[in-house]
Each structure stands twice: as C-alpha cells, then as structure tokens.
$ cat start.txt   # compact mmCIF, C-alpha atoms
# COMPACT_ATOMS: atom_id res chain seq x y z
CA MET G 1 -24.45 -4.18 -25.79
CA GLY G 2 -28.17 -4.97 -25.71
CA ASP G 3 -28.65 -3.52 -29.17
CA LEU G 4 -25.71 -5.56 -30.50
CA LEU G 5 -27.07 -8.76 -28.98
CA ALA G 6 -30.51 -7.94 -30.43
CA GLN G 7 -29.05 -7.60 -33.93
CA LYS G 8 -27.08 -10.81 -33.58
CA ILE G 9 -29.91 -13.08 -32.45
CA ASN G 10 -32.68 -11.15 -34.12
CA ILE G 11 -34.83 -10.26 -31.13
CA SER G 12 -36.09 -6.82 -30.07
CA PRO G 13 -33.56 -4.49 -28.36
CA PRO G 14 -35.61 -4.21 -25.12
CA ALA G 15 -35.74 -8.02 -24.88
CA ALA G 16 -31.98 -8.27 -25.44
CA ARG G 17 -31.30 -5.58 -22.83
CA GLY G 18 -33.58 -7.44 -20.42
CA LEU G 19 -31.67 -10.65 -21.06
CA ILE G 20 -28.37 -8.93 -20.24
CA LYS G 21 -29.87 -7.41 -17.08
CA LEU G 22 -31.08 -10.84 -15.98
CA SER G 23 -27.62 -12.27 -16.64
CA ILE G 24 -26.04 -9.50 -14.56
CA LYS G 25 -28.42 -10.36 -11.73
CA ASP G 26 -27.48 -14.06 -12.02
CA GLU G 27 -23.78 -13.28 -11.95
CA LEU G 28 -23.50 -10.43 -9.48
CA GLY G 29 -26.63 -10.82 -7.37
CA PRO G 30 -29.66 -8.54 -7.20
CA PHE G 31 -28.13 -5.84 -5.03
CA LYS G 32 -25.22 -4.61 -7.14
CA PRO G 33 -26.08 -1.12 -8.48
CA TYR G 34 -25.61 -0.73 -12.24
CA ASN G 35 -23.26 2.24 -11.73
CA GLN G 36 -20.88 -0.02 -9.81
CA ILE G 37 -20.61 -2.61 -12.55
CA ASP G 38 -17.15 -2.51 -14.04
CA PHE G 39 -15.50 -4.01 -17.07
CA GLU G 40 -14.51 -7.25 -15.29
CA ASP G 41 -18.07 -7.73 -13.96
CA LEU G 42 -19.51 -7.42 -17.47
CA LYS G 43 -16.89 -9.69 -18.95
CA LYS G 44 -17.63 -12.34 -16.32
CA THR G 45 -21.36 -11.93 -16.91
CA PHE G 46 -21.02 -12.52 -20.66
CA GLU G 47 -18.68 -15.47 -20.23
CA ASN G 48 -20.82 -17.23 -17.63
CA SER G 49 -24.45 -16.37 -17.03
CA LEU G 50 -25.30 -14.86 -20.43
CA LYS G 51 -23.74 -17.87 -22.09
CA ARG G 52 -25.85 -20.20 -19.92
CA ARG G 53 -29.02 -18.30 -20.77
CA LEU G 54 -28.28 -18.30 -24.51
CA ILE G 55 -27.67 -22.07 -24.37
CA LYS G 56 -30.91 -22.51 -22.45
CA LEU G 57 -32.71 -20.52 -25.15
CA GLU G 58 -31.11 -22.82 -27.76
CA VAL G 59 -29.54 -19.91 -29.61
CA GLN G 60 -27.36 -21.23 -32.42
CA GLU G 61 -23.70 -20.15 -32.77
CA CYS G 62 -23.76 -19.04 -29.18
CA GLU G 63 -19.94 -19.09 -28.91
CA SER G 64 -19.37 -16.80 -31.89
CA ILE G 65 -22.06 -14.39 -30.64
CA LEU G 66 -20.38 -14.24 -27.24
CA ASP G 67 -16.95 -13.73 -28.84
CA TYR G 68 -18.40 -10.84 -30.82
CA LEU G 69 -19.98 -9.28 -27.70
CA LEU G 70 -16.72 -9.67 -25.75
CA ASP G 71 -14.77 -8.02 -28.59
CA GLU G 72 -17.20 -5.12 -28.54
CA LEU G 73 -16.95 -4.89 -24.77
CA PHE G 74 -13.16 -4.65 -24.99
CA LEU G 75 -13.32 -2.02 -27.72
CA ASN G 76 -15.95 0.09 -25.96
CA GLN G 77 -14.74 -0.38 -22.38
CA SER G 78 -14.14 3.33 -21.84
CA LEU G 79 -17.91 3.94 -21.98
CA ILE G 80 -18.17 2.33 -18.54
CA THR G 81 -16.05 5.12 -17.08
CA ILE G 82 -16.90 8.03 -19.38
CA GLY G 83 -20.63 7.36 -19.21
CA GLY G 84 -20.63 6.13 -15.61
CA VAL G 85 -19.53 9.21 -13.69
CA MET R 1 2.63 48.88 -14.20
CA THR R 2 0.81 47.08 -17.06
CA LEU R 3 3.32 44.23 -16.83
CA ILE R 4 2.75 43.88 -13.10
CA ILE R 5 -1.04 43.78 -13.65
CA LEU R 6 -0.51 41.15 -16.36
CA PHE R 7 1.71 39.17 -13.99
CA TRP R 8 -1.05 39.09 -11.38
CA ILE R 9 -3.68 38.13 -13.96
CA PHE R 10 -1.51 35.20 -15.04
CA ALA R 11 -0.77 34.30 -11.42
CA ILE R 12 -4.51 34.24 -10.68
CA LEU R 13 -5.04 31.98 -13.72
CA LEU R 14 -2.38 29.63 -12.39
CA ILE R 15 -4.03 29.60 -8.96
CA LEU R 16 -7.34 28.83 -10.70
CA PHE R 17 -5.60 25.97 -12.52
CA ILE R 18 -4.27 24.52 -9.26
CA ILE R 19 -7.64 24.85 -7.50
CA SER R 20 -9.43 23.19 -10.46
CA LEU R 21 -6.88 20.39 -10.54
CA LEU R 22 -7.34 19.79 -6.81
CA SER R 23 -11.15 19.87 -7.12
CA VAL R 24 -11.25 17.39 -9.98
CA GLY R 25 -8.70 15.19 -8.17
CA ILE R 26 -10.86 15.04 -5.05
CA PHE R 27 -13.94 14.48 -7.22
CA PHE R 28 -12.26 11.49 -8.86
CA LEU R 29 -11.29 10.03 -5.48
CA ILE R 30 -14.85 10.34 -4.18
CA LYS R 31 -16.47 8.94 -7.34
CA GLY R 32 -13.88 6.19 -7.62
CA ASN R 33 -14.57 5.13 -4.07
CA GLN R 34 -18.37 5.36 -4.48
CA ASN R 35 -18.47 3.48 -7.78
CA LYS R 36 -15.57 1.13 -6.96
CA MET R 37 -13.66 2.32 -10.03
CA GLU R 38 -9.93 1.89 -9.52
CA ASN R 39 -9.05 3.93 -12.60
CA LEU R 40 -10.76 7.01 -11.12
CA ILE R 41 -8.84 6.59 -7.87
CA VAL R 42 -5.62 6.39 -9.90
CA ILE R 43 -6.27 9.64 -11.79
CA GLY R 44 -7.47 11.31 -8.58
CA ILE R 45 -4.17 10.51 -6.84
CA GLY R 46 -2.35 11.67 -10.00
CA PHE R 47 -3.97 15.10 -10.01
CA ILE R 48 -3.55 15.59 -6.26
CA SER R 49 0.09 14.59 -6.58
CA MET R 50 0.65 17.31 -9.20
CA VAL R 51 -1.09 19.85 -6.96
CA ILE R 52 1.24 18.88 -4.05
CA GLY R 53 4.19 19.46 -6.40
CA PHE R 54 2.96 22.88 -7.54
CA ILE R 55 2.03 24.09 -4.06
CA GLY R 56 5.32 22.80 -2.63
CA SER R 57 7.25 24.62 -5.30
CA PHE R 58 5.30 27.88 -5.66
CA VAL R 59 4.00 28.40 -2.13
CA PHE R 60 6.58 26.73 0.12
CA ASN R 61 9.61 27.28 -2.15
CA LEU R 62 10.61 23.62 -1.98
CA GLY R 63 12.08 23.96 -5.45
CA PHE R 64 11.50 22.65 -8.96
CA ALA R 65 13.07 19.29 -8.12
CA PHE R 66 10.34 18.73 -5.53
CA GLN R 67 7.73 19.76 -8.11
CA GLU R 68 9.23 17.48 -10.75
CA ILE R 69 8.97 14.39 -8.52
CA PHE R 70 5.25 14.93 -7.94
CA VAL R 71 4.61 15.86 -11.57
CA PHE R 72 6.37 12.61 -12.53
CA ILE R 73 4.05 10.61 -10.23
CA GLY R 74 1.06 12.51 -11.65
CA PHE R 75 2.04 11.97 -15.29
CA VAL R 76 2.66 8.25 -14.82
CA LEU R 77 -0.71 7.86 -13.08
CA LEU R 78 -2.44 9.77 -15.90
CA VAL R 79 -1.05 7.28 -18.41
CA VAL R 80 -2.08 4.38 -16.14
CA PHE R 81 -5.59 5.88 -16.03
CA THR R 82 -5.75 6.13 -19.84
CA ASN R 83 -4.56 2.54 -20.17
CA MET R 84 -7.00 1.21 -17.55
CA THR R 85 -9.93 3.11 -19.06
CA PHE R 86 -9.39 2.49 -22.76
CA TYR R 87 -7.03 -0.45 -23.27
CA LYS R 88 -7.53 -3.11 -20.60
CA GLY R 89 -6.89 -6.49 -22.21
CA ILE R 90 -6.45 -5.04 -25.71
CA LYS R 91 -3.37 -5.35 -27.86
CA SER R 92 -2.26 -1.73 -28.16
CA LYS R 93 0.62 0.63 -27.61
CA ALA R 94 -0.50 1.21 -24.00
CA LYS R 95 2.46 -0.52 -22.34
CA THR R 96 4.95 1.15 -24.66
CA VAL R 97 3.51 4.58 -23.87
CA LEU R 98 3.76 3.86 -20.14
CA ILE R 99 7.36 2.65 -20.39
CA VAL R 100 8.43 5.66 -22.51
CA THR R 101 6.69 8.03 -20.07
CA VAL R 102 8.53 6.48 -17.10
CA ILE R 103 11.88 6.70 -18.95
CA LEU R 104 11.33 10.35 -19.97
CA GLY R 105 10.22 11.18 -16.43
CA ILE R 106 13.32 9.59 -14.89
CA ILE R 107 15.51 11.51 -17.35
CA GLN R 108 13.76 14.72 -16.26
CA LEU R 109 14.50 13.92 -12.61
CA ILE R 110 18.16 13.15 -13.36
CA LEU R 111 18.61 16.36 -15.39
CA MET R 112 16.87 18.38 -12.69
CA THR R 113 19.15 16.85 -10.02
CA LEU R 114 22.23 17.67 -12.10
CA GLN R 115 21.09 21.26 -12.42
CA VAL R 116 19.98 21.81 -8.81
CA TYR R 117 22.63 19.88 -6.88
CA PHE R 118 25.64 19.94 -9.24
CA SER R 119 25.00 23.31 -10.95
CA ILE R 120 25.30 21.72 -14.40
CA ASN R 121 23.25 23.69 -16.91
CA THR R 122 20.85 21.17 -18.40
CA TYR R 123 18.00 23.60 -19.04
CA TYR R 124 17.61 23.38 -22.83
CA PHE R 125 18.29 19.65 -22.94
CA ARG R 126 15.74 19.13 -20.17
CA VAL R 127 13.13 21.32 -21.90
CA THR R 128 13.80 19.52 -25.20
CA LEU R 129 12.92 16.22 -23.53
CA ASP R 130 10.13 17.76 -21.45
CA VAL R 131 8.20 18.58 -24.65
CA PRO R 132 7.79 14.94 -25.81
CA TYR R 133 7.21 13.89 -22.18
CA THR R 134 4.20 16.20 -21.72
CA PHE R 135 3.13 15.71 -25.32
CA LEU R 136 3.04 11.92 -24.90
CA VAL R 137 1.08 11.89 -21.63
CA PHE R 138 -1.66 14.28 -22.72
CA ASN R 139 -1.80 13.36 -26.37
CA TRP R 140 -2.21 9.71 -25.43
CA MET R 141 -5.28 10.68 -23.43
CA ALA R 142 -6.46 13.04 -26.20
CA TRP R 143 -5.95 10.45 -28.93
CA SER R 144 -7.66 7.67 -26.96
CA SER R 145 -10.64 9.88 -26.26
CA TYR R 146 -10.85 11.28 -29.79
CA SER R 147 -10.62 7.89 -31.51
CA MET R 148 -13.35 6.55 -29.22
CA TYR R 149 -15.50 9.57 -30.01
CA GLN R 150 -15.07 8.87 -33.73
CA LYS R 151 -16.32 5.32 -33.13
CA ILE R 152 -19.45 6.29 -31.21
CA LYS R 153 -20.40 9.64 -32.73
CA ASN R 154 -23.17 8.14 -34.89
CA LYS R 155 -24.33 5.61 -32.31
CA ASN R 156 -27.37 5.83 -30.10
CA ILE R 157 -25.52 7.15 -27.04
CA GLN R 158 -26.49 10.07 -24.82
CA PRO R 159 -25.07 13.34 -26.27
CA TRP R 160 -23.47 14.45 -22.98
CA ILE R 161 -21.28 11.32 -23.03
CA LYS R 162 -20.14 12.14 -26.57
CA LEU R 163 -19.44 15.70 -25.44
CA ARG R 164 -17.32 14.41 -22.54
CA TYR R 165 -15.15 12.43 -24.97
CA LYS R 166 -14.76 15.52 -27.18
CA LEU R 167 -13.91 17.83 -24.28
CA VAL R 168 -11.36 15.44 -22.78
CA ALA R 169 -9.76 15.04 -26.21
CA PHE R 170 -9.67 18.78 -26.92
CA VAL R 171 -8.30 20.05 -23.60
CA SER R 172 -5.75 17.24 -23.31
CA PHE R 173 -4.53 18.03 -26.82
CA ILE R 174 -4.17 21.71 -25.89
CA LEU R 175 -2.23 20.91 -22.71
CA SER R 176 0.15 18.61 -24.57
CA PHE R 177 1.80 21.77 -25.98
CA ASN R 178 2.22 23.35 -22.57
CA ASN R 179 6.00 23.02 -22.43
CA ILE R 180 6.88 24.56 -25.78
CA PRO R 181 6.88 28.17 -24.42
CA GLU R 182 9.65 27.13 -21.96
CA TYR R 183 12.11 27.17 -24.88
CA PHE R 184 11.78 30.94 -24.97
CA GLN R 185 12.44 31.51 -21.26
CA PRO R 186 15.44 33.91 -21.12
CA LYS R 187 18.54 32.66 -19.28
CA GLY R 188 19.04 33.89 -15.72
CA THR R 189 15.52 35.27 -15.42
CA THR R 190 12.92 34.12 -12.91
CA TRP R 191 9.94 32.43 -14.47
CA GLY R 192 7.23 35.07 -14.98
CA ASP R 193 9.46 38.00 -14.00
CA PRO R 194 7.28 41.11 -14.66
CA ASP R 195 10.43 43.09 -15.54
CA ASN R 196 11.11 40.82 -18.48
CA ILE R 197 8.41 40.78 -21.15
CA ILE R 198 9.55 37.48 -22.70
CA SER R 199 9.60 35.71 -19.36
CA LEU R 200 6.17 37.15 -18.59
CA ALA R 201 4.85 36.01 -21.98
CA VAL R 202 6.16 32.48 -21.32
CA PHE R 203 4.47 32.51 -17.90
CA GLY R 204 1.24 33.89 -19.38
CA THR R 205 1.06 31.36 -22.22
CA THR R 206 1.62 28.49 -19.80
CA ALA R 207 -1.01 29.88 -17.41
CA VAL R 208 -3.62 30.32 -20.17
CA ILE R 209 -3.05 26.81 -21.61
CA SER R 210 -3.16 25.29 -18.12
CA VAL R 211 -6.37 27.04 -17.14
CA ILE R 212 -8.09 26.05 -20.41
CA PHE R 213 -7.22 22.43 -19.60
CA ALA R 214 -8.32 22.63 -15.97
CA ILE R 215 -11.66 24.31 -16.65
CA GLY R 216 -12.42 22.05 -19.64
CA PHE R 217 -11.50 18.94 -17.69
CA CYS R 218 -13.61 20.04 -14.70
CA LEU R 219 -16.55 20.78 -16.99
CA ALA R 220 -16.19 17.42 -18.73
CA TRP R 221 -16.09 15.35 -15.55
CA MET R 222 -18.03 17.41 -13.03
CA MET R 223 -20.82 18.30 -15.45
CA PRO R 224 -23.94 19.27 -13.46
CA ASN R 225 -27.07 17.16 -14.08
CA GLY R 226 -28.86 20.24 -15.45
CA LEU R 227 -26.22 20.60 -18.14
CA LYS R 228 -26.39 16.88 -18.95
CA LYS R 229 -30.16 17.25 -19.39
CA PHE R 230 -29.60 20.29 -21.62
CA PHE R 231 -27.27 18.37 -23.93
CA ASN R 232 -29.71 15.45 -23.89
CA ARG R 233 -32.69 17.67 -24.77
CA ASN R 234 -33.23 16.06 -28.18
CA TYR R 235 -32.40 12.55 -27.01
CA GLN R 236 -35.10 10.01 -26.17
CA LEU R 237 -34.14 8.24 -22.95
CA LEU R 238 -35.22 4.60 -22.77
CA ASP R 239 -38.24 4.00 -20.60
CA GLU R 240 -38.73 0.28 -20.77
CA LYS R 241 -41.50 -1.89 -19.45
CA GLU R 242 -40.45 -4.05 -16.51
CA TYR R 243 -40.92 -7.79 -17.05
CA THR R 244 -40.65 -10.63 -14.59
CA GLU R 245 -37.97 -13.18 -15.43
CA GLU R 246 -40.57 -15.66 -16.69
CA GLU R 247 -42.34 -13.06 -18.86
CA LEU R 248 -39.05 -11.92 -20.37
CA MET R 249 -37.81 -15.44 -21.14
CA ASN R 250 -41.17 -16.31 -22.73
CA LEU R 251 -41.06 -13.10 -24.78
CA ILE R 252 -37.56 -13.96 -26.05
CA ARG R 253 -38.58 -17.53 -26.82
CA ASP R 254 -41.55 -16.21 -28.84
CA GLN R 255 -39.32 -13.77 -30.73
CA LEU R 256 -36.75 -16.49 -31.45
CA ALA R 257 -39.50 -18.85 -32.61
CA SER R 258 -41.08 -16.26 -34.93
CA ARG R 259 -37.59 -15.54 -36.33
CA ASP R 260 -37.08 -19.23 -37.12
CA ASN R 261 -40.48 -19.57 -38.84

$ encode --input "start.txt" --output "structure tokens"
Amino acid sequence: MGDLLAQKINISPPAARGLIKLSIKDELGPFKPYNQIDFEDLKKTFENSLKRRLIKLEVQECESILDYLLDELFLNQSLITIGGV
Amino acid sequence: MTLIILFWIFAILLILFIISLLSVGIFFLIKGNQNKMENLIVIGIGFISMVIGFIGSFVFNLGFAFQEIFVFIGFVLLVVFTNMTFYKGIKSKAKTVLIVTVILGIIQLILMTLQVYFSINTYYFRVTLDVPYTFLVFNWMAWSSYSMYQKIKNKNIQPWIKLRYKLVAFVSFILSFNNIPEYFQPKGTTWGDPDNIISLAVFGTTAVISVIFAIGFCLAWMMPNGLKKFFNRNYQLLDEKEYTEEELMNLIRDQLASRDN
C-alpha cells in the first residue's frame, strides 16, 4: 500500500510507508502490533487518519487517491491473512 | 496378502490425513486467537469439525450420517473462510457460493437420512450431488487463491507468501476431485474392503488425494521460519531508517515541494 501511495503522490516509497505507519498509530494507538491489524483496521485508518494527514500535507485530489487505495485494499485483502500467519 | 498390506498403507495415509487436519485446525485456532483474526478461527473450527466427523465415523462407528453432519459444518465454514479472507465488501459470487454449498449440504444430509433410516437406496444420486458439493467448496478456495497469485506474482512481495497462495490453490484443486472415485464403489461392499480390489482402489485413491491435500495445506500454513527464509533467499527485505514524526512529515513536505517545482 505504501508503494501505491508513493506512486500516486510522487514521494519515495519509504516516506509513503512511514506516512501509513504514522496514520495507523494515530488511528489504533501506539501499542497495536502490526500482525494484529486486520482489514477493518486498515480501512478505518485510510478513511480517517491517513485522509487527515494527506489534507494536512495539502495533497491535491486526496479523495480520489484514498478511493484508489481503498479499492486496492479490498482487492488485496487476502494478503493480510496469507502474509500475516 | 498384498491387498491387505495395501489396505493398511491406505489406512495409515487416512490416519495421517486426519492427524494433519487436526493439527492445522488447532494451529488456525491458536493463530486466530493470537492475531485476533476471526477468519482463522472459522477455518480452525471447520477443520476440527471434519475431524470429529471422521473419528466419530471410523473409530467410534457412529455412522456416515454422523460424519456427514460434521463434514457439512466443516465445508460451510471453509466457504465462509474463503469469503472472509478474499471477498469482504467486494461484489463477487461469494454469497452465491455459500448459499449453493448450504443447499447441496442439506440435500446430502436428507439423502443420507433416507438411506440410513428409511433404507432407500440413494447412493448414486447422493454421490452425483456430492461431486459438485466438494468441487465447489475446494475449487472456490483454489480459484480465489490462484487468481490472487496471478495478480501478485510479479509484485514486490516476499516469495514465501506467493508460494503459500500457489500451494493452497494446488492442493485445494486436487481435493476438489476427491469424491469422483466414489462412483466406482461396488454395491454391497464395505468401503476399502481388502477382498474387493475395486473397493480398495476407491479407498486408496481417496486416501492419496486426501493426504496430498493435508500435507500441502499443513506445509503452506505451518511453514517453518527456516523454510520461509530459504524461499526468501534472493529477496531483499526492507530495512528502513526510523524517523521521528516531525522528521518524516518534513521529509514528505520536502518531497512534495520538489515534485511541485
């Protein structure tokens, strides 16, 4: 997801991954382990805290970028289970 | 003598299948509980349910009707797992597959009841419907896993994850044909009777297919870390610098600004 965000807003992949990690921390708190983050958690993170951070960064077409990320999250949701066990 | 030896080889394979199914079921329950993943708990209960059915039928002679009830629960939960893992919130055929599975399962239970309690011979009709029933449950899982693998095979994802998709797809596809040999089961013969070569061949084919599934599924899900590292040997794991929140936001602002210039 970080790589996709990086391509969309034209920043480096590590920076985009960091931005998503910060958003997860905002949404779920600092103590939730990454291997316990499920599909709903990620969806909520994108819809709320990532959106707020993108607005704060004055990223244009923020809504369409988030729609794209959410579409990708839905399509790739099995990775959370298949890659998380 | 050879047939009796073959019978025991097939019986051992079937025991191996049941033990593997139980192990992977318990593994799913533990991991599901640890990682708070409901879908893993669902498939864990599904596998354990099937094991209860097999043990009840084969070990305690509770009959095929008993087995069929627990297999039905297991099959429905397998489809629920596939739907929860691959299709949550997506427009797909997931609900249709679940409904058809439930209908085919209920038909199996009715036909089994007619045969066991009313002595009505429903064997070939039941087997005819058992083929699409098993085919649907395991092919749905196989298809979901295979189509996802096709999507990610060229992406920058750890190789062991890609392998897990492939293994799940392959062994589920194999098991979806598990009921076809039942067509050839001779009338009035016990399943796997060593005195009847056809019955033994039916038993053997089922045992081999089942054990391929169980071992492949165990390997896919309970893959040891050493094996994961082996499959990842040519893959560069990300080792990223840690930034404070302020540093990271400033870095992104700089990158966004340089993009706009």

$ closest_atom_pairs --input "start.txt" --of "chain G" --to "chain R" --cutoff "6 Å" --atoms "only C-alpha atoms" --output "JSON lines"
{"residue": "G:Ile11", "atom": "CA", "partner": "R:Gln255", "partner_atom": "CA", "distance": 5.7}
{"residue": "G:Gln36", "atom": "CA", "partner": "R:Asn35", "partner_atom": "CA", "distance": 4.7}
{"residue": "G:Ser78", "atom": "CA", "partner": "R:Phe86", "partner_atom": "CA", "distance": 4.9}
{"residue": "G:Gly83", "atom": "CA", "partner": "R:Ile161", "partner_atom": "CA", "distance": 5.5}

$ closest_residue --input "start.txt" --among "G:Pro13, G:Asp38, G:Gly2, G:Lys21" --to "Val85 of chain G" --atoms "all atoms listed in the file"
G:Asp38

$ atom_distance --input "start.txt" --atom1 "atom CA of Asn196 of chain R" --atom2 "atom CA of Asn121 of chain R"
21.1 Å

$ residues_around --input "start.txt" --residues "segment 22-24 of chain G" --least-positions-apart "5" --cutoff "6 Å" --atoms "all atoms listed in the file" --output "VMD selection string"
chain G and resid 45 49 to 50

$ closest_residue --input "start.txt" --among "R:Ser199, R:Thr2, R:Ser210, R:Asn179" --to "Tyr133 of chain R" --atoms "all atoms listed in the file"
R:Asn179

$ atom_distance --input "start.txt" --atom1 "atom CA of Ala15 of chain G" --atom2 "atom CA of Glu27 of chain G"
18.4 Å

$ axis_aligned_box --input "start.txt" --around "segment 61-76 of chain G" --padding-each-side "3 Å" --output "AutoDock Vina command-line options"
--center_x -18.5 --center_y -10.0 --center_z -28.8 --size_x 16.6 --size_y 26.2 --size_z 14.0

$ closest_residue --input "start.txt" --among "G:Leu75, G:Leu19, G:Glu47, G:Lys32" --to "Cys62 of chain G" --atoms "only C-alpha atoms"
G:Glu47

$ residues_around --input "start.txt" --residues "Ile212 of chain R" --least-positions-apart "6" --cutoff "10 Å" --atoms "only C-alpha atoms" --output "ChimeraX atom specification"
/R:13,17,170-172,174-175,218

$ residues_near_point --input "start.txt" --point "(-23.7, -12.7, -29.0)" --cutoff "12 Å" --atoms "all atoms listed in the file" --output "PyMOL selection string"
chain G and resi 1-11+16+19-20+46-47+50-55+59-73

$ write_last_selection --input "start.txt" --atoms "C-alpha atoms" --output "mmCIF file, in the coordinates of the input"
data_model
loop_
_atom_site.group_PDB
_atom_site.id
_atom_site.type_symbol
_atom_site.label_atom_id
_atom_site.label_comp_id
_atom_site.auth_asym_id
_atom_site.auth_seq_id
_atom_site.Cartn_x
_atom_site.Cartn_y
_atom_site.Cartn_z
ATOM 1 C CA MET G 1 -24.450 -4.180 -25.790
ATOM 2 C CA GLY G 2 -28.170 -4.970 -25.710
ATOM 3 C CA ASP G 3 -28.650 -3.520 -29.170
ATOM 4 C CA LEU G 4 -25.710 -5.560 -30.500
ATOM 5 C CA LEU G 5 -27.070 -8.760 -28.980
ATOM 6 C CA ALA G 6 -30.510 -7.940 -30.430
ATOM 7 C CA GLN G 7 -29.050 -7.600 -33.930
ATOM 8 C CA LYS G 8 -27.080 -10.810 -33.580
ATOM 9 C CA ILE G 9 -29.910 -13.080 -32.450
ATOM 10 C CA ASN G 10 -32.680 -11.150 -34.120
ATOM 11 C CA ILE G 11 -34.830 -10.260 -31.130
ATOM 12 C CA ALA G 16 -31.980 -8.270 -25.440
ATOM 13 C CA LEU G 19 -31.670 -10.650 -21.060
ATOM 14 C CA ILE G 20 -28.370 -8.930 -20.240
ATOM 15 C CA PHE G 46 -21.020 -12.520 -20.660
ATOM 16 C CA GLU G 47 -18.680 -15.470 -20.230
ATOM 17 C CA LEU G 50 -25.300 -14.860 -20.430
ATOM 18 C CA LYS G 51 -23.740 -17.870 -22.090
ATOM 19 C CA ARG G 52 -25.850 -20.200 -19.920
ATOM 20 C CA ARG G 53 -29.020 -18.300 -20.770
ATOM 21 C CA LEU G 54 -28.280 -18.300 -24.510
ATOM 22 C CA ILE G 55 -27.670 -22.070 -24.370
ATOM 23 C CA VAL G 59 -29.540 -19.910 -29.610
ATOM 24 C CA GLN G 60 -27.360 -21.230 -32.420
ATOM 25 C CA GLU G 61 -23.700 -20.150 -32.770
ATOM 26 C CA CYS G 62 -23.760 -19.040 -29.180
ATOM 27 C CA GLU G 63 -19.940 -19.090 -28.910
ATOM 28 C CA SER G 64 -19.370 -16.800 -31.890
ATOM 29 C CA ILE G 65 -22.060 -14.390 -30.640
ATOM 30 C CA LEU G 66 -20.380 -14.240 -27.240
ATOM 31 C CA ASP G 67 -16.950 -13.730 -28.840
ATOM 32 C CA TYR G 68 -18.400 -10.840 -30.820
ATOM 33 C CA LEU G 69 -19.980 -9.280 -27.700
ATOM 34 C CA LEU G 70 -16.720 -9.670 -25.750
ATOM 35 C CA ASP G 71 -14.770 -8.020 -28.590
ATOM 36 C CA GLU G 72 -17.200 -5.120 -28.540
ATOM 37 C CA LEU G 73 -16.950 -4.890 -24.770
#

$ atom_distance --input "start.txt" --atom1 "atom CA of Pro194 of chain R" --atom2 "atom CA of Thr113 of chain R"
27.4 Å

$ closest_residue --input "start.txt" --among "R:Leu62, R:Val51, R:Leu111, R:Leu227" --to "Phe75 of chain R" --atoms "only C-alpha atoms"
R:Val51
